[in-house]
file start_28.cif (mmCIF, N, CA, C and O atoms)
data_upload
#
loop_
_atom_site.label_atom_id
_atom_site.label_comp_id
_atom_site.auth_asym_id
_atom_site.auth_seq_id
_atom_site.Cartn_x
_atom_site.Cartn_y
_atom_site.Cartn_z
N MET A 1 -9.45 18.04 -18.26
CA MET A 1 -9.64 18.20 -16.84
C MET A 1 -8.43 17.61 -16.12
O MET A 1 -8.07 16.45 -16.32
N GLN A 2 -7.80 18.39 -15.27
CA GLN A 2 -6.64 17.94 -14.53
C GLN A 2 -7.06 17.46 -13.14
O GLN A 2 -7.85 18.11 -12.47
N GLN A 3 -6.52 16.32 -12.73
CA GLN A 3 -6.79 15.78 -11.40
C GLN A 3 -5.48 15.64 -10.64
O GLN A 3 -4.48 15.21 -11.19
N ASN A 4 -5.51 16.03 -9.37
CA ASN A 4 -4.35 15.83 -8.53
C ASN A 4 -4.54 14.55 -7.72
O ASN A 4 -5.55 14.38 -7.07
N TRP A 5 -3.58 13.68 -7.80
CA TRP A 5 -3.64 12.42 -7.07
C TRP A 5 -2.66 12.52 -5.92
O TRP A 5 -1.50 12.86 -6.10
N SER A 6 -3.12 12.22 -4.74
CA SER A 6 -2.28 12.24 -3.56
C SER A 6 -2.41 10.88 -2.87
O SER A 6 -3.08 10.76 -1.85
N ILE A 7 -1.78 9.88 -3.46
CA ILE A 7 -1.89 8.51 -2.95
C ILE A 7 -0.63 8.19 -2.17
O ILE A 7 0.48 8.37 -2.65
N ARG A 8 -0.81 7.72 -0.95
CA ARG A 8 0.33 7.41 -0.08
C ARG A 8 1.13 6.23 -0.64
O ARG A 8 0.66 5.48 -1.48
N SER A 9 2.33 6.07 -0.14
CA SER A 9 3.16 4.95 -0.57
C SER A 9 2.72 3.67 0.13
O SER A 9 1.84 3.69 0.99
N ARG A 10 3.37 2.58 -0.18
CA ARG A 10 3.00 1.26 0.32
C ARG A 10 2.99 1.22 1.84
O ARG A 10 3.81 1.83 2.51
N ALA A 11 2.07 0.44 2.36
CA ALA A 11 1.96 0.25 3.81
C ALA A 11 2.86 -0.91 4.23
O ALA A 11 3.33 -1.69 3.40
N HIS A 12 3.08 -1.04 5.52
CA HIS A 12 3.90 -2.11 6.05
C HIS A 12 3.05 -3.19 6.72
O HIS A 12 3.58 -4.17 7.23
N GLU A 13 1.72 -3.00 6.69
CA GLU A 13 0.81 -4.00 7.25
C GLU A 13 -0.48 -4.03 6.43
O GLU A 13 -0.79 -3.08 5.71
N CYS A 14 -1.23 -5.11 6.57
CA CYS A 14 -2.48 -5.29 5.85
C CYS A 14 -3.52 -4.29 6.35
O CYS A 14 -3.72 -4.15 7.57
N ALA A 15 -4.18 -3.59 5.43
CA ALA A 15 -5.19 -2.61 5.82
C ALA A 15 -6.43 -3.26 6.41
O ALA A 15 -7.16 -2.63 7.17
N LEU A 16 -6.66 -4.52 6.11
CA LEU A 16 -7.85 -5.21 6.60
C LEU A 16 -7.60 -5.92 7.93
O LEU A 16 -8.39 -5.79 8.86
N THR A 17 -6.49 -6.63 8.03
CA THR A 17 -6.22 -7.41 9.25
C THR A 17 -5.28 -6.72 10.22
O THR A 17 -5.25 -7.07 11.40
N GLY A 18 -4.47 -5.80 9.73
CA GLY A 18 -3.49 -5.14 10.58
C GLY A 18 -2.21 -5.94 10.79
O GLY A 18 -1.30 -5.50 11.47
N ARG A 19 -2.13 -7.13 10.19
CA ARG A 19 -0.95 -7.97 10.34
C ARG A 19 0.20 -7.40 9.52
O ARG A 19 0.04 -7.08 8.34
N PRO A 20 1.40 -7.26 10.12
CA PRO A 20 2.56 -6.75 9.37
C PRO A 20 2.95 -7.70 8.24
O PRO A 20 2.86 -8.92 8.39
N PHE A 21 3.37 -7.15 7.11
CA PHE A 21 3.85 -7.95 6.00
C PHE A 21 5.25 -8.48 6.32
O PHE A 21 6.06 -7.80 6.94
N GLU A 22 5.53 -9.70 5.87
CA GLU A 22 6.86 -10.32 6.02
C GLU A 22 7.70 -9.97 4.78
O GLU A 22 7.16 -9.82 3.68
N ASP A 23 8.98 -9.88 4.95
CA ASP A 23 9.87 -9.63 3.83
C ASP A 23 9.72 -10.75 2.80
O ASP A 23 9.77 -11.93 3.14
N GLY A 24 9.46 -10.41 1.54
CA GLY A 24 9.28 -11.38 0.47
C GLY A 24 7.84 -11.87 0.29
O GLY A 24 7.57 -12.65 -0.61
N GLU A 25 6.93 -11.40 1.13
CA GLU A 25 5.52 -11.83 1.05
C GLU A 25 4.79 -11.12 -0.09
O GLU A 25 4.94 -9.92 -0.29
N SER A 26 3.97 -11.86 -0.83
CA SER A 26 3.12 -11.27 -1.86
C SER A 26 1.89 -10.65 -1.20
O SER A 26 1.36 -11.19 -0.24
N PHE A 27 1.45 -9.51 -1.74
CA PHE A 27 0.23 -8.87 -1.25
C PHE A 27 -0.41 -8.10 -2.39
O PHE A 27 0.19 -7.94 -3.46
N HIS A 28 -1.64 -7.67 -2.19
CA HIS A 28 -2.39 -6.93 -3.21
C HIS A 28 -2.47 -5.46 -2.83
O HIS A 28 -2.63 -5.12 -1.66
N THR A 29 -2.39 -4.61 -3.84
CA THR A 29 -2.59 -3.18 -3.67
C THR A 29 -3.82 -2.80 -4.48
O THR A 29 -3.97 -3.25 -5.62
N ALA A 30 -4.69 -2.01 -3.89
CA ALA A 30 -5.92 -1.58 -4.58
C ALA A 30 -6.10 -0.08 -4.42
O ALA A 30 -5.78 0.49 -3.38
N ILE A 31 -6.62 0.53 -5.45
CA ILE A 31 -6.93 1.96 -5.45
C ILE A 31 -8.45 2.10 -5.51
O ILE A 31 -9.11 1.47 -6.33
N TYR A 32 -8.99 2.92 -4.60
CA TYR A 32 -10.43 3.15 -4.52
C TYR A 32 -10.71 4.64 -4.53
O TYR A 32 -9.91 5.43 -4.04
N PHE A 33 -11.89 5.00 -5.04
CA PHE A 33 -12.34 6.38 -4.89
C PHE A 33 -13.06 6.48 -3.55
O PHE A 33 -13.96 5.70 -3.27
N ASP A 34 -12.65 7.42 -2.73
CA ASP A 34 -13.24 7.63 -1.41
C ASP A 34 -13.97 8.97 -1.40
O ASP A 34 -13.33 10.03 -1.44
N PRO A 35 -15.31 8.97 -1.36
CA PRO A 35 -16.06 10.23 -1.38
C PRO A 35 -15.76 11.12 -0.19
O PRO A 35 -15.80 12.35 -0.29
N GLN A 36 -15.43 10.52 0.96
CA GLN A 36 -15.12 11.34 2.14
C GLN A 36 -13.82 12.11 1.94
O GLN A 36 -13.69 13.24 2.41
N GLU A 37 -12.87 11.50 1.26
CA GLU A 37 -11.59 12.16 0.97
C GLU A 37 -11.69 13.00 -0.31
O GLU A 37 -10.80 13.79 -0.60
N ASN A 38 -12.76 12.78 -1.07
CA ASN A 38 -12.95 13.41 -2.37
C ASN A 38 -11.75 13.13 -3.27
O ASN A 38 -11.23 14.02 -3.94
N GLY A 39 -11.30 11.88 -3.23
CA GLY A 39 -10.15 11.49 -4.04
C GLY A 39 -9.90 10.00 -3.92
O GLY A 39 -10.69 9.26 -3.33
N TYR A 40 -8.78 9.58 -4.47
CA TYR A 40 -8.43 8.17 -4.48
C TYR A 40 -7.54 7.83 -3.28
O TYR A 40 -6.72 8.63 -2.86
N VAL A 41 -7.73 6.62 -2.76
CA VAL A 41 -6.94 6.12 -1.63
C VAL A 41 -6.37 4.75 -1.99
O VAL A 41 -6.93 4.04 -2.82
N ARG A 42 -5.28 4.42 -1.34
CA ARG A 42 -4.61 3.14 -1.56
C ARG A 42 -4.80 2.26 -0.34
O ARG A 42 -4.72 2.73 0.79
N ARG A 43 -5.04 0.97 -0.59
CA ARG A 43 -5.11 -0.03 0.48
C ARG A 43 -4.24 -1.20 0.08
O ARG A 43 -4.36 -1.70 -1.04
N ASP A 44 -3.36 -1.63 0.99
CA ASP A 44 -2.52 -2.80 0.77
C ASP A 44 -3.10 -3.94 1.59
O ASP A 44 -3.30 -3.80 2.80
N ILE A 45 -3.38 -5.06 0.93
CA ILE A 45 -4.11 -6.16 1.54
C ILE A 45 -3.32 -7.46 1.38
O ILE A 45 -2.83 -7.77 0.30
N SER A 46 -3.24 -8.24 2.47
CA SER A 46 -2.56 -9.53 2.40
C SER A 46 -3.31 -10.46 1.45
O SER A 46 -4.51 -10.31 1.22
N THR A 47 -2.60 -11.43 0.90
CA THR A 47 -3.21 -12.39 -0.02
C THR A 47 -4.32 -13.17 0.66
O THR A 47 -5.36 -13.45 0.06
N ASP A 48 -4.13 -13.49 1.94
CA ASP A 48 -5.15 -14.25 2.69
C ASP A 48 -6.46 -13.47 2.83
O ASP A 48 -7.53 -14.06 2.88
N ALA A 49 -6.39 -12.15 2.92
CA ALA A 49 -7.58 -11.33 3.14
C ALA A 49 -8.15 -10.72 1.86
O ALA A 49 -9.16 -10.03 1.90
N TRP A 50 -7.50 -10.98 0.71
CA TRP A 50 -7.91 -10.34 -0.54
C TRP A 50 -9.35 -10.66 -0.93
O TRP A 50 -10.10 -9.77 -1.33
N SER A 51 -9.79 -11.90 -0.82
CA SER A 51 -11.16 -12.24 -1.21
C SER A 51 -12.17 -11.53 -0.30
O SER A 51 -13.22 -11.08 -0.76
N GLN A 52 -11.85 -11.40 0.97
CA GLN A 52 -12.72 -10.67 1.90
C GLN A 52 -12.79 -9.19 1.52
O GLN A 52 -13.85 -8.57 1.59
N GLU A 53 -11.66 -8.62 1.11
CA GLU A 53 -11.63 -7.22 0.68
C GLU A 53 -12.54 -7.02 -0.53
O GLU A 53 -13.29 -6.04 -0.60
N LEU A 54 -12.49 -7.95 -1.49
CA LEU A 54 -13.30 -7.82 -2.71
C LEU A 54 -14.79 -7.98 -2.44
O LEU A 54 -15.62 -7.50 -3.22
N GLU A 55 -15.15 -8.65 -1.34
CA GLU A 55 -16.56 -8.78 -0.99
C GLU A 55 -17.16 -7.46 -0.52
O GLU A 55 -18.35 -7.22 -0.68
N THR A 56 -16.34 -6.59 0.04
CA THR A 56 -16.84 -5.33 0.59
C THR A 56 -16.54 -4.11 -0.28
O THR A 56 -17.24 -3.11 -0.18
N ARG A 57 -15.50 -4.19 -1.11
CA ARG A 57 -15.12 -3.04 -1.93
C ARG A 57 -14.77 -3.50 -3.34
O ARG A 57 -14.23 -4.58 -3.52
N LYS A 58 -15.01 -2.65 -4.30
CA LYS A 58 -14.63 -2.91 -5.68
C LYS A 58 -13.59 -1.86 -6.08
O LYS A 58 -13.90 -0.69 -6.22
N PRO A 59 -12.34 -2.28 -6.28
CA PRO A 59 -11.29 -1.31 -6.59
C PRO A 59 -11.39 -0.74 -7.99
O PRO A 59 -11.90 -1.39 -8.91
N THR A 60 -10.88 0.49 -8.14
CA THR A 60 -10.76 1.10 -9.45
C THR A 60 -9.61 0.45 -10.20
O THR A 60 -9.67 0.22 -11.40
N ALA A 61 -8.54 0.13 -9.46
CA ALA A 61 -7.38 -0.56 -10.01
C ALA A 61 -6.77 -1.41 -8.92
O ALA A 61 -6.90 -1.09 -7.73
N SER A 62 -6.09 -2.49 -9.31
CA SER A 62 -5.41 -3.33 -8.32
C SER A 62 -4.26 -4.06 -8.99
O SER A 62 -4.25 -4.26 -10.20
N TRP A 63 -3.30 -4.46 -8.18
CA TRP A 63 -2.18 -5.25 -8.66
C TRP A 63 -1.58 -6.03 -7.49
O TRP A 63 -1.84 -5.74 -6.35
N LYS A 64 -0.80 -7.03 -7.83
CA LYS A 64 -0.15 -7.87 -6.83
C LYS A 64 1.35 -7.57 -6.87
O LYS A 64 1.92 -7.42 -7.96
N THR A 65 1.96 -7.49 -5.72
CA THR A 65 3.39 -7.18 -5.64
C THR A 65 4.01 -7.93 -4.47
O THR A 65 3.32 -8.62 -3.74
N VAL A 66 5.31 -7.77 -4.31
CA VAL A 66 6.05 -8.45 -3.25
C VAL A 66 6.59 -7.39 -2.29
O VAL A 66 7.17 -6.39 -2.71
N TYR A 67 6.37 -7.63 -1.00
CA TYR A 67 6.85 -6.71 0.03
C TYR A 67 8.35 -6.88 0.22
O TYR A 67 8.84 -7.99 0.37
N GLN A 68 9.04 -5.76 0.20
CA GLN A 68 10.47 -5.76 0.50
C GLN A 68 10.70 -4.80 1.65
O GLN A 68 10.35 -3.62 1.55
N LYS A 69 11.23 -5.33 2.71
CA LYS A 69 11.48 -4.53 3.90
C LYS A 69 12.45 -3.40 3.57
O LYS A 69 13.44 -3.61 2.86
N ALA A 70 12.15 -2.21 4.06
CA ALA A 70 13.01 -1.06 3.81
C ALA A 70 14.34 -1.25 4.53
O ALA A 70 14.38 -1.63 5.70
N VAL A 71 15.41 -1.01 3.81
CA VAL A 71 16.75 -1.14 4.38
C VAL A 71 17.31 0.25 4.60
O VAL A 71 17.35 1.05 3.66
N ALA A 72 17.70 0.54 5.83
CA ALA A 72 18.29 1.84 6.12
C ALA A 72 19.69 1.90 5.54
O ALA A 72 20.50 0.99 5.76
N GLU A 73 19.92 2.94 4.78
CA GLU A 73 21.25 3.11 4.19
C GLU A 73 22.22 3.62 5.24
O GLU A 73 21.87 4.48 6.05
N ALA A 74 23.41 3.09 5.21
CA ALA A 74 24.43 3.54 6.15
C ALA A 74 24.87 4.96 5.77
O ALA A 74 25.10 5.26 4.60
N LYS A 75 24.98 5.80 6.77
CA LYS A 75 25.42 7.17 6.51
C LYS A 75 26.93 7.16 6.33
O LYS A 75 27.64 6.50 7.09
N PRO A 76 27.39 7.88 5.34
CA PRO A 76 28.85 7.90 5.14
C PRO A 76 29.56 8.58 6.31
O PRO A 76 29.03 9.54 6.88
N GLU A 77 30.70 8.03 6.66
CA GLU A 77 31.46 8.61 7.76
C GLU A 77 32.21 9.83 7.26
O GLU A 77 32.91 9.78 6.25
N ILE A 78 32.03 10.94 7.96
CA ILE A 78 32.67 12.17 7.58
C ILE A 78 33.89 12.37 8.48
O ILE A 78 33.76 12.44 9.71
N PRO A 79 35.07 12.43 7.88
CA PRO A 79 36.28 12.58 8.71
C PRO A 79 36.33 13.97 9.35
O PRO A 79 35.84 14.95 8.79
N PRO A 80 36.91 14.06 10.53
CA PRO A 80 37.02 15.38 11.18
C PRO A 80 37.97 16.27 10.43
O PRO A 80 38.87 15.82 9.72
N LYS A 81 37.80 17.56 10.59
CA LYS A 81 38.67 18.54 9.89
C LYS A 81 40.03 18.63 10.54
O LYS A 81 40.25 18.41 11.66
#
call {"tool": "encode", "arguments": {"input": "start_28.cif", "output": "structure tokens"}}
result
Amino acid sequence: MQQNWSIRSRAHECALTGRPFEDGESFHTAIYFDPQENGYVRRDISTDAWSQELETRKPTASWKTVYQKAVAEAKPEIPPK
């Protein structure tokens, strides 16, 4: 049986508190099955709110990672013709 997974990439704020993650901050990522979406969803949760998250939801999978702020790459300068 083949399953298509459409899980979004990492968030920039806690899904529970809405507080933005700081560069270098540890946070938890959890994957849940959502019957309304008929598929799996990702939630990124701050370390402070993780125990509260586990009281209301039981993840299918979870891991801890470190937030790294996205750095915009400089566009190369193109010389005029």
call {"tool": "resolve_selection", "arguments": {"input": "start_28.cif", "expression": "the PyMOL selection byres ((chain A and resi 28) around 6)", "output": "list in words"}}
result
Ser26, Phe27, Thr29, Ala30, Arg43, Asp44, Ile45, Ser46, Thr47, Trp63, Lys64 and Thr65 of chain A
call {"tool": "write_last_selection", "arguments": {"input": "start_28.cif", "atoms": "N, CA, C and O atoms", "output": "compact mmCIF listing (two decimals), in the coordinates of the input"}}
result
# COMPACT_ATOMS: atom_id res chain seq x y z
N SER A 26 3.97 -11.86 -0.83
CA SER A 26 3.12 -11.27 -1.86
C SER A 26 1.89 -10.65 -1.20
O SER A 26 1.36 -11.19 -0.24
N PHE A 27 1.45 -9.51 -1.74
CA PHE A 27 0.23 -8.87 -1.25
C PHE A 27 -0.41 -8.10 -2.39
O PHE A 27 0.19 -7.94 -3.46
N THR A 29 -2.39 -4.61 -3.84
CA THR A 29 -2.59 -3.18 -3.67
C THR A 29 -3.82 -2.80 -4.48
O THR A 29 -3.97 -3.25 -5.62
N ALA A 30 -4.69 -2.01 -3.89
CA ALA A 30 -5.92 -1.58 -4.58
C ALA A 30 -6.10 -0.08 -4.42
O ALA A 30 -5.78 0.49 -3.38
N ARG A 43 -5.04 0.97 -0.59
CA ARG A 43 -5.11 -0.03 0.48
C ARG A 43 -4.24 -1.20 0.08
O ARG A 43 -4.36 -1.70 -1.04
N ASP A 44 -3.36 -1.63 0.99
CA ASP A 44 -2.52 -2.80 0.77
C ASP A 44 -3.10 -3.94 1.59
O ASP A 44 -3.30 -3.80 2.80
N ILE A 45 -3.38 -5.06 0.93
CA ILE A 45 -4.11 -6.16 1.54
C ILE A 45 -3.32 -7.46 1.38
O ILE A 45 -2.83 -7.77 0.30
N SER A 46 -3.24 -8.24 2.47
CA SER A 46 -2.56 -9.53 2.40
C SER A 46 -3.31 -10.46 1.45
O SER A 46 -4.51 -10.31 1.22
N THR A 47 -2.60 -11.43 0.90
CA THR A 47 -3.21 -12.39 -0.02
C THR A 47 -4.32 -13.17 0.66
O THR A 47 -5.36 -13.45 0.06
N TRP A 63 -3.30 -4.46 -8.18
CA TRP A 63 -2.18 -5.25 -8.66
C TRP A 63 -1.58 -6.03 -7.49
O TRP A 63 -1.84 -5.74 -6.35
N LYS A 64 -0.80 -7.03 -7.83
CA LYS A 64 -0.15 -7.87 -6.83
C LYS A 64 1.35 -7.57 -6.87
O LYS A 64 1.92 -7.42 -7.96
N THR A 65 1.96 -7.49 -5.72
CA THR A 65 3.39 -7.18 -5.64
C THR A 65 4.01 -7.93 -4.47
O THR A 65 3.32 -8.62 -3.74
call {"tool": "atom_distance", "arguments": {"input": "start_28.cif", "atom1": "CA of Arg42 in chain A", "atom2": "atom N of Ala74 in chain A"}}
result
28.8 Å
call {"tool": "select_by_dssp", "arguments": {"input": "start_28.cif", "residues": "chain A", "states": "strand (DSSP E)", "output": "MDAnalysis selection string"}}
result
chainID A and resid 26:34 39:46 61:66
call {"tool": "atom_distance", "arguments": {"input": "start_28.cif", "atom1": "CA of Asp23 in chain A", "atom2": "atom N of Arg10 in chain A"}}
result
14.4 Å
call {"tool": "closest_residue", "arguments": {"input": "start_28.cif", "among": "A:Glu13, A:Glu55, A:Glu37, A:Asp48", "to": "Gln68 in chain A", "atoms": "only C-alpha atoms"}}
result
A:Glu13
call {"tool": "residues_around", "arguments": {"input": "start_28.cif", "residues": "Thr60 in chain A", "least_positions_apart": "5", "cutoff": "8 Å", "atoms": "only C-alpha atoms", "output": "ChimeraX atom specification"}}
result
/A:30-33
call {"tool": "atom_distance", "arguments": {"input": "start_28.cif", "atom1": "CA of Arg57 in chain A", "atom2": "CA of Glu25 in chain A"}}
result
22.6 Å
call {"tool": "closest_residue", "arguments": {"input": "start_28.cif", "among": "A:Cys14, A:Ile7, A:Ile78, A:Val71", "to": "Val41 in chain A", "atoms": "only N, CA, C and O atoms"}}
result
A:Ile7
call {"tool": "closest_residue", "arguments": {"input": "start_28.cif", "among": "A:Arg8, A:Tyr40, A:Pro35, A:Ala15", "to": "Ala61 in chain A", "atoms": "only C-alpha atoms"}}
result
A:Tyr40
call {"tool": "select_by_dssp", "arguments": {"input": "start_28.cif", "residues": "chain A", "states": "alpha helix (DSSP H)", "output": "PyMOL selection string"}}
result
chain A and resi 50-56
call {"tool": "axis_aligned_box", "arguments": {"input": "start_28.cif", "around": "range 64-73 of chain A", "padding_each_side": "6 Å", "output": "lines of an AutoDock Vina configuration file"}}
result
center_x = 10.7
center_y = -2.1
center_z = -0.9
size_x = 35.0
size_y = 25.1
size_z = 26.1
call {"tool": "residues_around", "arguments": {"input": "start_28.cif", "residues": "His12 in chain A", "least_positions_apart": "4", "cutoff": "5 Å", "atoms": "all atoms listed in the file", "output": "list in words"}}
result
Arg19, Pro20 and Phe21 of chain A
call {"tool": "closest_residue", "arguments": {"input": "start_28.cif", "among": "A:Gly24, A:Gly18, A:Ser9, A:Lys81", "to": "Ala49 in chain A", "atoms": "only C-alpha atoms"}}
result
A:Gly18
